[in-house]
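Worksheet: one structure, shown below.
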Amino acid sequence: MRRQPTVDDGKKGWLAEAPIAGGDVKAWAVEEMWCSRASSMASGSGRRQNGSVKKVDDGVELSGAHTPLRKPSFRDMSSKPQKIPNSRMAYPNPLQNNPAYSVVKQYFVNVDDTVAHKVYFESDEVHACIVTCGGLCPGLNTVIREIVCGLYDMYGVTKVLGIDGGYRGFYARNTITFTPKSVNDIHKRGGTIIGTSRGGHDTLKIVDSIQDRGINQVYIIGGDGTQKGASAIFEEIQKRGLKVSIAGIPKTIDNDIMVIDKSFGFDTAVEEAQRAINAAHVEAESVENGIGVVKLMGRYSGFIAMYATLASRDVDCCLIPESPFYLEGKGGLLEFIERRLKENGHMVIVVAEGAGQDLIAKSMQSMDHQDASGNKLLLDVGLWLSQKIKDHFSNHKMSITLKYIDPTYMIRAVPSNASDNVYCTLLAHSAIHGAMAGYTGFIVGPVNGRHAYIPFHRITERCKKVVITDRMWARLLSSTNQPSFLSHEHVEDAKKEDEASHHFFLDAANKNHDHDEHATDDSRIGNGAI
Ligand SMILES: Nc1ncnc2c1ncn2[C@@H]1O[C@H](COP(=O)(O)OP(=O)(O)O)[C@@H](O)[C@H]1O
Ligand SMILES: O=P(O)(O)OC[C@H]1O[C@](O)(COP(=O)(O)O)[C@@H](O)[C@@H]1O
Ligand SMILES: [Mg+2]
C-alpha cells in the first residue's frame with residue numbers, strides 16, 4: 001500500500017492544512033489559493049499580494065516582524081487528523097469539473113496541489129445536517145448559507161437539514177430542509193435561522209437521532225461548550241463505528257477560542273461597538289464632568305473591549321477580566337476618573353462584562369448562578385460600576401453626569417460585516433472539503449493565517465485570553481494612559497500564565513511527536529487508506 005503523504009513530508013503540522021479541494025493532504029496549498037482568491041475578489045484586486053504559496057510555513061512571517069511568536073506555529077503542533085475508520089477515497093471529486101478550482105497560473109499553484117481526484121463520499125449518498133448552539137454571534141447565518149450552497153454547488157449534494165434549536169433539536173424538535181434558494185438571503189440577517197440553545201446536550205440521544213435519520217455529515221457551529229459536545233458526539237460515533245463525519249466551526253463573539261487566529265463575528269462586534277463608544281463620547285463631552293460607561297461582551301476574555309478601545313481612541317479607560325482593578329485609594333480607578341475629569345472635563349470607560357466580578361461578588365455577597373450549559377452567570381459590572389462612581393462623586397460633593405450604555409445584545413444581533421462574510425465562507429468551505437474527504441473530529445480555522453483542521457481537544461482544553469504582559473495590552477495602556485492597577489505579583493502571575501499557555505502547546509507537541517515516532521505509516525494520517 002502506498003504511504004499517504006504526511007504533513008511531515010512538506011511541513012510539520014497538524015493536519016495538513018484544510019485541503020480546499022477535498023481529499024488529499026497534498027492539496028493543502030489550494031486553501032491558501034482560494035483564500036487569496038476570495039479576498040482579492042472581495043477587495044476588487046485581481047491577484048495575490050504576496051506572490052507564491054510557500055510549501056513550508058512555520059507561521060512566523062504572519063505574526064509581524066517585531067512581534068514575538070505567541071501563537072504555536074505549525075511546527076509546534078504535530079497532531080494528526082482523524083479519518084472515518086476504514087475510509088477509502090473511492091469517488092471522483094466533483095470539484096475537478098468546477099471552474100473555481102481550475103489552476104490559474106498567477107497563483108503559482110502546482111497542478112498536483114489542487115483538486116484531489118477522489119473523495120470519500122459520493123454526492124448522492126451525503127445526508128448532511130447543520131446545528132447552531134450557544135450564544136448568538138454575527139455570521140451564523142452566513143456560515144449556514146455557505147455550507148448549504150457549498151455542498152450543493154461544489155459537490156452536488158442535495159440533502160442538507162437544519163437542526164432546529166441547538167443540540168436538543170436533534171431529539172426534541174423538527175428539522176428544516178435547506179436548499180440554496182431557501183438560504184439565499186439569510187446572511188443579511190442577524191441571529192441564526194435554525195435557532196440555538198444552551199444546555200440540552202444528551203450525547204446518546206443525539207447520536208441515536210443522527211443514526212436514525214441516516215445523517216453522515218454533521219456540521220456543528222458553536223463555541224467552546226458546543227465543541228466539547230461535538231467531541232462527545234464524535235467519540236460516540238467512533239464507538240458505534242458509524243461512517244459519519246463530525247466537523248466543528250468555531251463560533252464565539254468573545255474571540256476566546258484557543259489556537260485559531262480569530263473567530264468569525266469578532267470584527268463585526270468590534271465595529272459595532274464603535275457606535276456605542278461614539279455615543280458615550282458625544283454624551284460625555286456635551287456636559288460638564290460627563291462620564292460615559294460602555295459595557296461590552298467578554299465573559300472571560302476582554303478582546304472585544306481591548307480592540308474596540310484601541311480602534312476608537314476616545315476611550316480613557318478599558319477594564320477587562322484578565323486585568324484586575326480596584327476602585328478606592330492611591331492608583332485606584334476613582335482617583336484616575338477624578339484626575340481625568342479635571343484634565344479633560346469628560347471621560348469614557350469601556351468595561352468588559354467579565355471584568356471586576358470578584359469585586360462585585362464581594363460587595364454584593366452574591367450567590368453563584370449558572371446558565372443551562374453550566375456557564376457562570378455574571379453580575380452586571382456596568383450597573384455596579386456606574387453606581388460606585390456616582391456614589392463616590394456624590395460623597396465628594398462633585399457634580400458629574402454619567403450615562404451608562406449597554407449595547408451587548410444589540411452588537412451580538414447584527415448581521416456580519418463584509419470581511420466576516422468572506423471569513424465565514426472560507427470556514428464553511430474548509431469544513432465541507434474536510435468532511436467530503438472523510439476527515440472527522442476536527443474544527444476548522446486559520447492558524448497563523450493558514451486554514452487548518454484542528455482536533456477538538458486542542459481548542460477545548462483552554463480558553464484564549466488577553467495576555468496583559470504582551471504588546472497589545474501595552475499598546476492599549478499607552479493609548480488610554482490609564483493606570484495598570486497591577487501589583488508586582490499580578491504581573492508575575494500573568495507572565496506565568498502566559499508561559500504555561502505556551503508550554504501547553506510545546507508539551508502536547510512533544511508528546512505527539514514521540515507518538516509519531518512509533519507510529520506506523522498506515523496510522524499516520526487517515527489510516528493511510530489512499
Ligand atoms: N462539557 C460539555 N460537554 C457536552 N456538551 C456541552 C458541554 N458544555 C456545553 N455543552 C453543550 O454545548 C451547547 C452550547 O454550550 P454553551 O456553553 O452554552 O455555548 P458555547 O458553545 O457558545 O460556549 C449546549 O447545548 C451545552 O449543553
Ligand atoms: O445571555 P446569554 O445568551 O447567556 O449570553 C451571554 C454570553 O454570551 C456571550 O456573548 C458568548 O458566550 P458563548 O460563546 O459561550 O455563547 C458571552 O460574552 C456572554 O456572557
Ligand atoms: Mg462558551
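Chain labels A, B, ... are given in the sequence in which chains occur in the C-alpha cells; within each chain residues are numbered consecutively from 1, and ligands are likewise numbered from 1 in the order shown.
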>> Set the distance at 10 Å and use only C-alpha atoms: which residues neighbour Asp380 (chain A) once local chain neighbours fewer than 5 positions away are removed? I'd like the list as a PyMOL selection string.
In response: chain A and resi 295+353-357+360+385+406
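Neighbouring residues of ligand 2 at a cut-off of 6 Å, counting only C-alpha atoms and all ligand atoms, are Gly134, Gly135, Gly223, Thr252, Ile253, Asp254, Met297, Gly298 and Arg299 of chain A.
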>> Give me, as a PyMOL selection string, the residues of region 218-373 of chain A that a backbone DSSP run labels alpha helix (DSSP H).
In response: chain A and resi 224-240+266-285+303-312+333-344+357-364
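Shortest separation to Cys133 (chain A) among A:Gly156, A:Gly214, A:Gly190, A:Pro250 occurs at residue A:Pro250, atoms counted being only C-alpha atoms.
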>> Quick one: residues within 12 Å of Asp358 (chain A), only C-alpha atoms, excluding same-chain residues fewer than 6 positions away - as a count of residues only?
In response: 15
> Can you list, as number ranges by chain, every residue of region 113-300 of chain A that DSSP puts in strand (DSSP E)?
Replying inline: A: 118-119, 128-132, 160-163, 175-178, 217-222, 245-250, 290-296
Take the residues from that selection and write them out as a PDB file, in the first residue's frame, keeping C-alpha atoms.
```
ATOM      1  CA  LYS A 118     -11.084  11.160  -5.207  1.00  0.00           C
ATOM      2  CA  VAL A 119     -13.295  11.999  -2.270  1.00  0.00           C
ATOM      3  CA  ALA A 128     -25.735  16.484   5.916  1.00  0.00           C
ATOM      4  CA  CYS A 129     -27.099  18.436   8.850  1.00  0.00           C
ATOM      5  CA  ILE A 130     -26.222  21.763  10.450  1.00  0.00           C
ATOM      6  CA  VAL A 131     -26.763  22.822  14.055  1.00  0.00           C
ATOM      7  CA  THR A 132     -26.003  26.081  15.877  1.00  0.00           C
ATOM      8  CA  VAL A 160     -28.984  19.173   3.834  1.00  0.00           C
ATOM      9  CA  LEU A 161     -31.014  19.536   7.018  1.00  0.00           C
ATOM     10  CA  GLY A 162     -31.072  22.261   9.646  1.00  0.00           C
ATOM     11  CA  ILE A 163     -31.499  21.047  13.231  1.00  0.00           C
ATOM     12  CA  THR A 175     -35.682  19.677  11.220  1.00  0.00           C
ATOM     13  CA  ILE A 176     -35.677  22.146   8.352  1.00  0.00           C
ATOM     14  CA  THR A 177     -34.822  21.181   4.791  1.00  0.00           C
ATOM     15  CA  PHE A 178     -32.320  23.542   3.228  1.00  0.00           C
ATOM     16  CA  GLN A 217     -22.089  14.672   7.790  1.00  0.00           C
ATOM     17  CA  VAL A 218     -22.722  16.822  10.863  1.00  0.00           C
ATOM     18  CA  TYR A 219     -21.688  20.491  10.815  1.00  0.00           C
ATOM     19  CA  ILE A 220     -21.659  21.893  14.336  1.00  0.00           C
ATOM     20  CA  ILE A 221     -21.386  25.665  14.746  1.00  0.00           C
ATOM     21  CA  GLY A 222     -20.699  26.828  18.293  1.00  0.00           C
ATOM     22  CA  SER A 245     -18.048  12.954   9.678  1.00  0.00           C
ATOM     23  CA  ILE A 246     -18.262  15.460  12.551  1.00  0.00           C
ATOM     24  CA  ALA A 247     -16.993  18.919  11.618  1.00  0.00           C
ATOM     25  CA  GLY A 248     -16.935  21.855  14.017  1.00  0.00           C
ATOM     26  CA  ILE A 249     -17.000  25.505  13.032  1.00  0.00           C
ATOM     27  CA  PRO A 250     -15.834  27.609  15.997  1.00  0.00           C
ATOM     28  CA  GLY A 290     -19.543  63.900  31.714  1.00  0.00           C
ATOM     29  CA  ILE A 291     -18.755  60.220  32.075  1.00  0.00           C
ATOM     30  CA  GLY A 292     -19.778  57.592  29.527  1.00  0.00           C
ATOM     31  CA  VAL A 293     -19.660  53.965  30.609  1.00  0.00           C
ATOM     32  CA  VAL A 294     -19.999  51.290  27.896  1.00  0.00           C
ATOM     33  CA  LYS A 295     -20.299  47.594  28.686  1.00  0.00           C
ATOM     34  CA  LEU A 296     -19.143  45.149  26.019  1.00  0.00           C
TER      35      LEU A 296
END
```
> Given a cut-off of 7 Å, what residues near ligand 1 show up using only C-alpha atoms and all ligand atoms, put as a ChimeraX atom specification?
Replying inline: /A:133-135,166-168,197-201,222-229,232,251-252,372-375
Take the residues from that selection and write them out as an mmCIF file, in the first residue's frame, keeping C-alpha atoms.
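result_31.cif was written with the following content:
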```
data_model
loop_
_atom_site.group_PDB
_atom_site.id
_atom_site.type_symbol
_atom_site.label_atom_id
_atom_site.label_comp_id
_atom_site.auth_asym_id
_atom_site.auth_seq_id
_atom_site.Cartn_x
_atom_site.Cartn_y
_atom_site.Cartn_z
ATOM 1 C CA CYS A 133 -25.531 26.161 19.675
ATOM 2 C CA GLY A 134 -24.677 28.649 22.425
ATOM 3 C CA GLY A 135 -24.933 32.442 22.303
ATOM 4 C CA GLY A 166 -29.369 23.681 19.126
ATOM 5 C CA TYR A 167 -28.346 20.260 20.438
ATOM 6 C CA ARG A 168 -31.712 19.443 21.925
ATOM 7 C CA SER A 197 -29.950 26.945 22.811
ATOM 8 C CA ARG A 198 -27.838 26.331 25.870
ATOM 9 C CA GLY A 199 -27.952 23.040 27.778
ATOM 10 C CA GLY A 200 -29.759 20.001 26.426
ATOM 11 C CA HIS A 201 -26.704 18.087 25.274
ATOM 12 C CA GLY A 222 -20.699 26.828 18.293
ATOM 13 C CA GLY A 223 -18.285 27.937 20.989
ATOM 14 C CA ASP A 224 -16.115 26.079 23.483
ATOM 15 C CA GLY A 225 -19.080 24.366 25.145
ATOM 16 C CA THR A 226 -20.517 23.319 21.798
ATOM 17 C CA GLN A 227 -17.203 21.878 20.638
ATOM 18 C CA LYS A 228 -16.918 19.848 23.862
ATOM 19 C CA GLY A 229 -20.345 18.499 22.979
ATOM 20 C CA ALA A 232 -18.523 13.743 22.843
ATOM 21 C CA LYS A 251 -18.190 30.421 16.989
ATOM 22 C CA THR A 252 -17.557 32.958 19.701
ATOM 23 C CA ALA A 372 -28.326 25.847 31.327
ATOM 24 C CA SER A 373 -24.894 24.998 29.884
ATOM 25 C CA GLY A 374 -23.151 25.418 33.229
ATOM 26 C CA ASN A 375 -21.609 28.815 32.393
#
```
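Across the model, the gap from CA of Ala500 (chain A) to CA of Gly441 (chain A) is 25.9 Å.
When only C-alpha atoms and all ligand atoms are used to measure the gap to ligand 3, the shortest distance among A:Cys317, A:Val259, A:Cys463, A:Ala90 belongs to A:Cys463.
Of the listed residues (A:Ala437, A:Glu285, A:Lys159, A:Gly449), A:Ala437 comes nearest to His117 (chain A); the distances count only C-alpha atoms.
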>> Ranking A:Arg475, A:Lys376, A:Arg458, A:Lys496 by minimum distance to ligand 3 and counting only C-alpha atoms and all ligand atoms, which one comes first?
In response: A:Lys376
> Within 8 Å of Val148 (chain A), counting only C-alpha atoms, which residues qualify if same-chain residues fewer than 4 places away don't, as JSON, numbers by chain?
Replying inline: {"A": [144, 152, 160, 178, 179, 180, 183]}
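With only C-alpha atoms and all ligand atoms as the atoms that count, the residue of A:Ala100, A:Ile459, A:Ala311, A:Leu402 with the shortest distance to ligand 3 is A:Ile459.
Residue nearest ligand 3, chosen from A:Leu377, A:Leu426, A:Met89, A:Ala273 and counting only C-alpha atoms and all ligand atoms: A:Leu377.
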>> Which residues are close to Pro483 (chain A), i.e. within 12 Å by only C-alpha atoms, leaving aside same-chain residues fewer than 4 positions away? Reply as a list in words.
In response: Asp316, Cys317, Cys318, Leu319, Ser323, Pro324, Phe325, Tyr326, Leu327, Lys330, Gly331, Gly332, Leu333, Leu334, Glu335, Phe336, Ile337, Arg339, Arg340, Ala474, Leu476, Leu477, Ser478, Ser479 and Ser487 of chain A
Output N, CA and C atoms for every residue in the selection just made, as a JSON list (two decimals), in the first residue's frame.
```json
[["chain", "number", "residue", "atom", "x", "y", "z"],
["A", 316, "ASP", "N", -10.93, 56.43, 27.68],
["A", 316, "ASP", "CA", -9.93, 56.81, 28.68],
["A", 316, "ASP", "C", -9.53, 55.65, 29.56],
["A", 317, "CYS", "N", -10.39, 54.64, 29.63],
["A", 317, "CYS", "CA", -10.06, 53.51, 30.50],
["A", 317, "CYS", "C", -10.79, 52.26, 30.03],
["A", 318, "CYS", "N", -10.06, 51.17, 29.92],
["A", 318, "CYS", "CA", -10.66, 49.90, 29.47],
["A", 318, "CYS", "C", -10.42, 48.84, 30.55],
["A", 319, "LEU", "N", -11.49, 48.21, 30.99],
["A", 319, "LEU", "CA", -11.38, 47.22, 32.07],
["A", 319, "LEU", "C", -11.76, 45.85, 31.52],
["A", 323, "SER", "N", -7.36, 41.64, 33.68],
["A", 323, "SER", "CA", -6.56, 42.63, 34.41],
["A", 323, "SER", "C", -7.34, 43.14, 35.62],
["A", 324, "PRO", "N", -7.01, 42.65, 36.80],
["A", 324, "PRO", "CA", -7.76, 43.07, 37.98],
["A", 324, "PRO", "C", -7.60, 44.57, 38.21],
["A", 325, "PHE", "N", -8.64, 45.20, 38.77],
["A", 325, "PHE", "CA", -8.52, 46.63, 39.09],
["A", 325, "PHE", "C", -9.12, 46.85, 40.47],
["A", 326, "TYR", "N", -8.93, 48.04, 41.01],
["A", 326, "TYR", "CA", -9.55, 48.38, 42.29],
["A", 326, "TYR", "C", -10.03, 49.82, 42.22],
["A", 327, "LEU", "N", -10.97, 50.13, 43.07],
["A", 327, "LEU", "CA", -11.63, 51.43, 42.99],
["A", 327, "LEU", "C", -10.98, 52.50, 43.86],
["A", 330, "LYS", "N", -5.01, 55.21, 46.46],
["A", 330, "LYS", "CA", -4.00, 55.67, 45.51],
["A", 330, "LYS", "C", -3.86, 54.69, 44.34],
["A", 331, "GLY", "N", -3.84, 55.24, 43.13],
["A", 331, "GLY", "CA", -3.70, 54.39, 41.95],
["A", 331, "GLY", "C", -4.98, 53.68, 41.56],
["A", 332, "GLY", "N", -6.07, 53.94, 42.30],
["A", 332, "GLY", "CA", -7.34, 53.27, 42.02],
["A", 332, "GLY", "C", -8.12, 53.96, 40.90],
["A", 333, "LEU", "N", -9.19, 53.31, 40.46],
["A", 333, "LEU", "CA", -9.98, 53.83, 39.34],
["A", 333, "LEU", "C", -10.62, 55.19, 39.66],
["A", 334, "LEU", "N", -11.13, 55.33, 40.88],
["A", 334, "LEU", "CA", -11.86, 56.57, 41.21],
["A", 334, "LEU", "C", -10.92, 57.77, 41.20],
["A", 335, "GLU", "N", -9.73, 57.57, 41.70],
["A", 335, "GLU", "CA", -8.73, 58.65, 41.68],
["A", 335, "GLU", "C", -8.40, 59.04, 40.22],
["A", 336, "PHE", "N", -8.29, 58.01, 39.38],
["A", 336, "PHE", "CA", -7.98, 58.26, 37.96],
["A", 336, "PHE", "C", -9.12, 59.04, 37.29],
["A", 337, "ILE", "N", -10.35, 58.65, 37.59],
["A", 337, "ILE", "CA", -11.50, 59.35, 36.98],
["A", 337, "ILE", "C", -11.48, 60.83, 37.38],
["A", 339, "ARG", "N", -8.97, 62.65, 38.23],
["A", 339, "ARG", "CA", -7.88, 63.35, 37.55],
["A", 339, "ARG", "C", -8.25, 63.63, 36.09],
["A", 340, "ARG", "N", -8.81, 62.63, 35.44],
["A", 340, "ARG", "CA", -9.14, 62.79, 34.01],
["A", 340, "ARG", "C", -10.23, 63.86, 33.82],
["A", 474, "ALA", "N", -0.11, 46.47, 26.21],
["A", 474, "ALA", "CA", 0.77, 47.63, 26.45],
["A", 474, "ALA", "C", 0.38, 48.79, 25.53],
["A", 476, "LEU", "N", -2.54, 49.32, 24.42],
["A", 476, "LEU", "CA", -3.79, 49.89, 24.94],
["A", 476, "LEU", "C", -3.49, 50.84, 26.11],
["A", 477, "LEU", "N", -2.62, 50.39, 27.01],
["A", 477, "LEU", "CA", -2.30, 51.24, 28.16],
["A", 477, "LEU", "C", -1.69, 52.55, 27.71],
["A", 478, "SER", "N", -0.87, 52.47, 26.66],
["A", 478, "SER", "CA", -0.24, 53.72, 26.22],
["A", 478, "SER", "C", -1.23, 54.59, 25.47],
["A", 479, "SER", "N", -2.27, 53.96, 24.90],
["A", 479, "SER", "CA", -3.26, 54.80, 24.20],
["A", 479, "SER", "C", -4.25, 55.45, 25.18],
["A", 487, "SER", "N", -0.25, 44.94, 40.67],
["A", 487, "SER", "CA", 0.86, 44.82, 41.60],
["A", 487, "SER", "C", 1.96, 43.98, 40.92]]
```
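Straight-line separation from CA of Lys181 (chain A) to CA of Asn141 (chain A): 13.8 Å.
Going from CA of Phe234 (chain A) to CA of Glu125 (chain A) covers 20.0 Å.
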>> If we count only C-alpha atoms and set the cut-off at 12 Å, which residues sit around Ala308 (chain A), ignoring sequence neighbours fewer than 4 positions away in its own chain? Please answer as a PyMOL selection string.
In response: chain A and resi 266-278+294-298+302-304+312-315+317-320+349-352+476
Atoms kept (C-alpha atoms) for selection, written as an mmCIF file, in the first residue's frame:
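Output below, filename selection36.cif:
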```cif
data_model
loop_
_atom_site.group_PDB
_atom_site.id
_atom_site.type_symbol
_atom_site.label_atom_id
_atom_site.label_comp_id
_atom_site.auth_asym_id
_atom_site.auth_seq_id
_atom_site.Cartn_x
_atom_site.Cartn_y
_atom_site.Cartn_z
ATOM 1 C CA PHE A 266 -15.421 39.362 16.203
ATOM 2 C CA ASP A 267 -14.594 42.040 13.598
ATOM 3 C CA THR A 268 -18.256 42.880 13.296
ATOM 4 C CA ALA A 269 -18.589 43.135 17.080
ATOM 5 C CA VAL A 270 -15.615 45.488 17.367
ATOM 6 C CA GLU A 271 -17.010 47.625 14.557
ATOM 7 C CA GLU A 272 -20.494 47.723 16.046
ATOM 8 C CA ALA A 273 -19.076 48.585 19.463
ATOM 9 C CA GLN A 274 -17.712 51.817 17.957
ATOM 10 C CA ARG A 275 -21.255 53.126 17.647
ATOM 11 C CA ALA A 276 -21.852 52.730 21.364
ATOM 12 C CA ILE A 277 -18.473 54.219 22.270
ATOM 13 C CA ASN A 278 -19.085 57.172 19.945
ATOM 14 C CA VAL A 294 -19.999 51.290 27.896
ATOM 15 C CA LYS A 295 -20.299 47.594 28.686
ATOM 16 C CA LEU A 296 -19.143 45.149 26.019
ATOM 17 C CA MET A 297 -19.254 41.361 25.904
ATOM 18 C CA GLY A 298 -16.388 39.204 27.088
ATOM 19 C CA GLY A 302 -11.568 41.072 27.076
ATOM 20 C CA PHE A 303 -10.738 41.025 23.362
ATOM 21 C CA ILE A 304 -13.770 43.000 22.187
ATOM 22 C CA SER A 312 -11.847 54.206 18.981
ATOM 23 C CA ARG A 313 -9.168 56.391 20.623
ATOM 24 C CA ASP A 314 -11.955 58.124 22.588
ATOM 25 C CA VAL A 315 -11.693 55.722 25.490
ATOM 26 C CA CYS A 317 -10.059 53.511 30.499
ATOM 27 C CA CYS A 318 -10.659 49.898 29.469
ATOM 28 C CA LEU A 319 -11.375 47.219 32.068
ATOM 29 C CA ILE A 320 -11.148 43.538 31.180
ATOM 30 C CA ILE A 349 -14.871 53.966 30.263
ATOM 31 C CA VAL A 350 -15.227 50.655 28.427
ATOM 32 C CA VAL A 351 -15.805 47.643 30.615
ATOM 33 C CA ALA A 352 -15.961 44.008 29.520
ATOM 34 C CA LEU A 476 -3.788 49.888 24.944
#
```
